[in-house]
Each structure stands twice: as C-alpha cells, then as structure tokens.
Amino acid sequence: MVRFENVGLRYDLGPEVLQDISFSLKPGSFHFLVGASGAGKSSLLKLMYMALKPSRGLISLFGRDIATTDRGDLPALRRKVGVVFQEFRMLRHLSAFDNVALPMRVAGTREGEIQRNVEELLKWVGLADHMTARPPTLSGGQQQRLAIARAVIARPKLLLADEPTGNVDDRMALRLMHLFDELNKLGTTVVVATHNESLVKRLGHPCLRLDQERLHLEAARPADPRATRNSAMAGK
Amino acid sequence: MFSRRSDLQLERDSLGRFLPWLIAFMVYLSILAMAGMLSLNNLAERWDTGLSGTLTVQVPASQTEDEKSMAAILAVLNKTPGIARVQRLSEQQLLALLEPWLGPAAGADDLPLPRLIDVELAGGATVAVAALQKRLDAIVAGTLVDDHGVWLERLLTLIKTVQALASAVLALIGLATIGTVVFTTRTGLAIHQDAIEVLHLIGAQDAYIARQFSSRALMLGLKGGLISLALALPTLLGIGYLAGTLQSEMLPDLSLPLTGWLVLLSLPLTVAIIAMVTARLTVMKTLRKML
C-alpha cells in the first residue's frame, strides 16, 4: 500500500528534515505517527499525500513508484488518499456541504449520490444543522469534523490525518477515532499523526515514531481498558 | 469546456469588475479597425472589377470639332481585336463627371472639354495599349489611351497599406487582450492558490481547475463583447449617417457588405473565445509546475 525506501527530504538547500525513512504499510493497517513538534510528522504526511517530492529515495503508493508515475495519473492516485489537514484547509467561501462534497465532485460523482452521502456523513459528525454554514462561522472543533468528513467522504483506501483531534474534546476525539476505526475495519489504511500520547496508549495501534529526523517502528500494544470503556461510551 | 459550478468562486474577485470593460474597449477598437478594413476591401474589389477590362480613350479638345477624325478613331477601336464595345461619352455625360469638382462652371462654353471614349474589352482579352495609342495618335495628335493600370495599382497599393496597418492594429489589440487575460488569470491563480492546492490534493485534474477559470473568462469576455457592440454599432451607424450627409459624389462608397457586418458581429464572440482559451492555457501551464 505505502512503501518508503531510504527517503530523505530537505527544503531548498536546508538540512534534511527527514533522513533514511524506510517503512511499508500493509493494506488495512492502522498506525499512529508520533513525535515531538517539529519532528517532521507533517512533512512525512505531505510526502505520503504527494504534496512534496522527496529529495532522495523511493516512494511507492498503491504499487506505483511516484517518481516515475505520469503526472496525469497522479490525480487518480490522490483520489484514493483522504487527507485531514492540520490547518483544516476548508474553502472559506463554500458551505459545509459543498466543502465535504468536493472530493466527490472532482471525481465526477452524480449530484444525487453526492447529496445523499454528504448529508448522511454530516449528520454522523454532528454537523447536520450546519450544512449551509461557511467554515469561518464554525468553531475549531466543528471545522475539524468538517475536515474529517471531507477526507472520508469518497471512502479513500488510505486515510492520512494530521492532528485530527487537536481541537476537539476527549469525547469527540474518541468518537472521531472510532470513525477512523470503522473505516479501518472496512479496509481503509489509516495513518494518524498526533502528539497525543494518551490517545495512542488508549487505542493501542502500532506507532511510527519520528525522532531526530529518523523513523522507528513501534509494535502494537494492548489497548488501555479505560480507552475501550470511553470508546464504547462515545459510540453510544 | 463550460462549467456553471465554481468551487473557487472567481465571480467574487474584484478583477472581474474591470476585465469586461477592458475587453469592451479592446473589442470596440477592433470593430472600428475591422470595419475600416472591410470597407476598404469592398471598395478595392469594386474598383478592381469595375475598371479592369476597360480602357478610356481621351481625344484632345482642340481637335474635337473634327468629327471625321473621331469617326476614324472609333472605326480603329471597333476593328481592334479584343475590344467588345466602344461608347463615346456624350457631352452631358462628360459634364456630369466634372460637375462634382467644377460645379456649374463645368458647363461653361469657353471651357475646352476633351472627348472621352469608353472601351470595354472582351472577357479575358488584352490589347496592346502602346500600339493602339500610336495608331490613334496618328489620326489625332495627343490622343491618350488609359488602361487605368497605373492609377489602379497605386490606389490598390494605398488601400492594401491601410489594410495592413489596420491588421497590425487588430493584431496588437488581440495581443493586448491576451496579455490582459493572462495577467488577470495569473492574479486569480495567486489569490486562490490555497484553494487550488486543496483541489489539486484531493484529486482534481488540471482541466477541472482550468475549466473554472476558462468559463469565467468566457463569461467576462461575452459581457465585454456585448458592451462593445452596444458602443460600436451606434458609432458605425453615426459615421455612415455623417458620410451620407456629405456630397456622396466626392466620397467613395464605404458601405459594408452583409458578410462584413457578420464578421463585425462575430468579433465579440471571437474575443470571448480567445479569452477563454487563453485563461485555460495559462492555468494549465501554471498547474504543470505543481507536483
């Protein structure tokens, strides 16, 4: 699904912010990407959602080497990737509905199907009453849920989330993580970048830890029982 | 090619407010330049077809009373191979030709008038003008045979020069329009850079993004085109009216044929399409720089 081999990244002529990154993600896996602020989590995600080119090394997505893939084929690959951006990056002039509908529209989905799916998802993330609201009028938490809804609306094969729970309370954080879990159970590969170590412990998924520009893989740990209880509560 | 939906909401950009007026101004100038060019073209064609295949024979005034000489000249002309018709202009016809320049004085008895003979050649036939003139000169000294070639050639050269200038003006206006659309589109791309990047990252094809700019450019171009038509039509009709009120004999007929009017009416649409294609190419070129 995702394979990095000796990937390095530098911005312009600066020092490498990522060095010799090598890992692979199997289809249907769920990983947290952790590390201190500035460790390069967002940069690594940008490489994964093809916003950046690596300075060196090989990146393969869905079995295709990104460096040798024709530029015209990249949009089709990007549609398989759902991204929750750290700064949300909602289109301010569009309504919540239209923002969430964007990935389906660029894919050429029929309006009837878009209407049905978007309404259903907005209800699920608790924004049914804000479909016509524009992002600047929503709270940080609401915008974050909107960003998550946009990332998952087209049922991506790979979901990348950059600090998706940074602006929501614990209850909503668990509910959103539950949504990611559900998508993961349906076969979506999930990578969630977070510095919320307690959330990582609660859910027990394996971790990709960035430390001093390098990546270390940490195996899955048993989920914290308290997290299980909270998740169950959140799911009710 | 066309898109009613605008994810970028380009219609809210302030650039959209001045672009139609800029395009309107450009198209207005284009219509005037094109109208001038087409009128001259029409005029040149009429002169060319009206004068080619004809000769004018001018017999000096001092010899005009010699009707025998005139008859001999007419006989030579009628016998010359390639000449289809020979017509001597009457005194009334001669005076009518001179009246626009000389007024009623053209009819004064003391004004010596040459005799003119209108000669029409058979279709495709040519006549050795120099030899003919030599023969006629032998009958009446000073007789001239004018095939209009030199005069017509100079006039057509002048018209073609003016037309070339008008074409250059049209080309410059076209380039200025393209430059304006490129600048406006690039500014729009800069304003909406973040939204475009989001669309790009969620899998929008370049063409999807470009369509939003090209549709917008087409609409603004059409708006500008309609404004220009609203300004240009009264201008052209006004010029036509003013020309009609002058002494028409002194001015060549500069009216436009129906195809000319159709070309003028199609200019706004053409410019709108140029704006649309320019915007699309500009966006596609810019987006190609993205990963």
# chains A, B, ... in the order shown; residues from 1 in each chain; ligands from 1

$ interface_residues --of "chain B" --to "chain A" --cutoff "6 Å" --atoms "only C-alpha atoms" --output "ChimeraX atom specification"
/B:202-205

$ select_by_dssp --residues "range 62-276 of chain B" --states "strand (DSSP E)" --output "ChimeraX atom specification"
/B:83-88,115-121,144-146

$ residues_around --residues "Lys79 in chain B" --least-positions-apart "6" --cutoff "12 Å" --atoms "only C-alpha atoms" --output "list of chain:residue names"
B:Ala72, B:Ile73, B:Arg85, B:Val86, B:Val127, B:Leu132

$ closest_residue --among "A:Pro222, A:Gly187, A:Pro206, A:Gly14" --to "Val34 in chain A" --atoms "only C-alpha atoms"
A:Pro206

$ select_by_dssp --residues "range 25-260 of chain B" --states "alpha helix (DSSP H)" --output "PyMOL selection string"
chain B and resi 25-51+67-79+91-102+129-139+149-191+193-201+206-245+258-260

$ residues_around --residues "range 119-134 of chain A" --least-positions-apart "2" --cutoff "12 Å" --atoms "only C-alpha atoms" --output "number ranges by chain"
A: 90-101, 111-117, 136-139, 141-155, 172-173, 175-180, 235

$ write_last_selection --atoms "C-alpha atoms" --output "short mmCIF file (atom, residue, chain, number, x, y, z; two decimals), in the first residue's frame"
data_model
loop_
_atom_site.label_atom_id
_atom_site.label_comp_id
_atom_site.auth_asym_id
_atom_site.auth_seq_id
_atom_site.Cartn_x
_atom_site.Cartn_y
_atom_site.Cartn_z
CA MET A 90 -11.52 24.29 4.13
CA LEU A 91 -12.63 26.54 1.26
CA ARG A 92 -13.91 29.54 3.21
CA HIS A 93 -16.44 30.71 0.63
CA LEU A 94 -18.13 27.32 0.24
CA SER A 95 -20.77 25.92 2.57
CA ALA A 96 -20.01 22.98 4.85
CA PHE A 97 -21.98 20.79 2.44
CA ASP A 98 -20.05 21.93 -0.63
CA ASN A 99 -16.71 21.55 1.15
CA VAL A 100 -17.45 17.95 2.03
CA ALA A 101 -18.82 17.31 -1.45
CA GLU A 111 -25.22 15.10 -7.70
CA GLY A 112 -27.92 12.79 -6.34
CA GLU A 113 -25.36 10.46 -4.84
CA ILE A 114 -23.33 13.39 -3.52
CA GLN A 115 -26.43 14.82 -1.82
CA ARG A 116 -27.25 11.53 -0.11
CA ASN A 117 -23.73 10.69 1.06
CA PRO A 136 -15.30 30.68 9.27
CA THR A 137 -18.60 30.69 11.18
CA LEU A 138 -17.91 27.25 12.69
CA SER A 139 -15.92 26.55 15.85
CA GLY A 141 -13.95 21.55 16.62
CA GLN A 142 -16.71 21.82 14.05
CA GLN A 143 -14.20 22.73 11.35
CA GLN A 144 -12.09 19.75 12.33
CA ARG A 145 -15.08 17.41 11.99
CA LEU A 146 -15.83 19.02 8.65
CA ALA A 147 -12.24 18.39 7.54
CA ILE A 148 -12.54 14.75 8.60
CA ALA A 149 -15.85 14.41 6.76
CA ARG A 150 -14.24 15.78 3.57
CA ALA A 151 -11.33 13.36 3.95
CA VAL A 152 -13.51 10.26 4.30
CA ILE A 153 -16.49 11.10 2.04
CA ALA A 154 -15.02 9.37 -1.01
CA ARG A 155 -14.12 6.25 1.02
CA MET A 172 -15.29 13.97 20.38
CA ALA A 173 -11.68 12.84 19.90
CA ARG A 175 -15.73 9.49 18.56
CA LEU A 176 -13.62 10.63 15.62
CA MET A 177 -11.06 7.92 16.30
CA HIS A 178 -13.97 5.49 16.35
CA LEU A 179 -14.88 6.74 12.86
CA PHE A 180 -11.32 6.08 11.73
CA GLY A 235 -20.08 5.15 20.40
#

$ closest_residue --among "B:Leu170, B:Ala35, B:Ala207, B:Ala122" --to "Thr259 in chain B" --atoms "only C-alpha atoms"
B:Ala35

$ closest_residue --among "B:Asp147, B:Val119, B:Pro104, B:Ala61" --to "Ala84 in chain B" --atoms "only C-alpha atoms"
B:Val119

$ atom_distance --atom1 "CA of Ala217 in chain B" --atom2 "CA of Ser30 in chain B"
18.6 Å

$ closest_residue --among "A:Ala193, A:Leu13, A:Leu210, A:Val2" --to "Ile66 in chain A" --atoms "only C-alpha atoms"
A:Val2

$ atom_distance --atom1 "CA of Thr80 in chain B" --atom2 "CA of Glu67 in chain B"
19.9 Å

$ residues_around --residues "Val283 in chain B" --least-positions-apart "6" --cutoff "12 Å" --atoms "only C-alpha atoms" --output "NGL selection string"
:B and (181-190 or 192-193 or 196 or 205-214 or 217 or 276-277 or 289-290)

$ atom_distance --atom1 "CA of Ile31 in chain B" --atom2 "CA of Ala232 in chain B"
6.9 Å

$ closest_residue --among "B:Asp137, B:Glu120, B:Glu11, B:Asp48" --to "Ile83 in chain B" --atoms "only C-alpha atoms"
B:Glu120

$ residues_around --residues "Ala128 in chain B" --least-positions-apart "2" --cutoff "12 Å" --atoms "only C-alpha atoms" --output "JSON, numbers by chain"
{"B": [55, 77, 80, 81, 82, 83, 121, 125, 126, 130, 131, 132, 133, 134, 135, 145, 146, 147]}

$ closest_residue --among "B:Ala75, B:Leu201, B:Leu256, B:Leu32" --to "Thr235 in chain B" --atoms "only C-alpha atoms"
B:Leu32
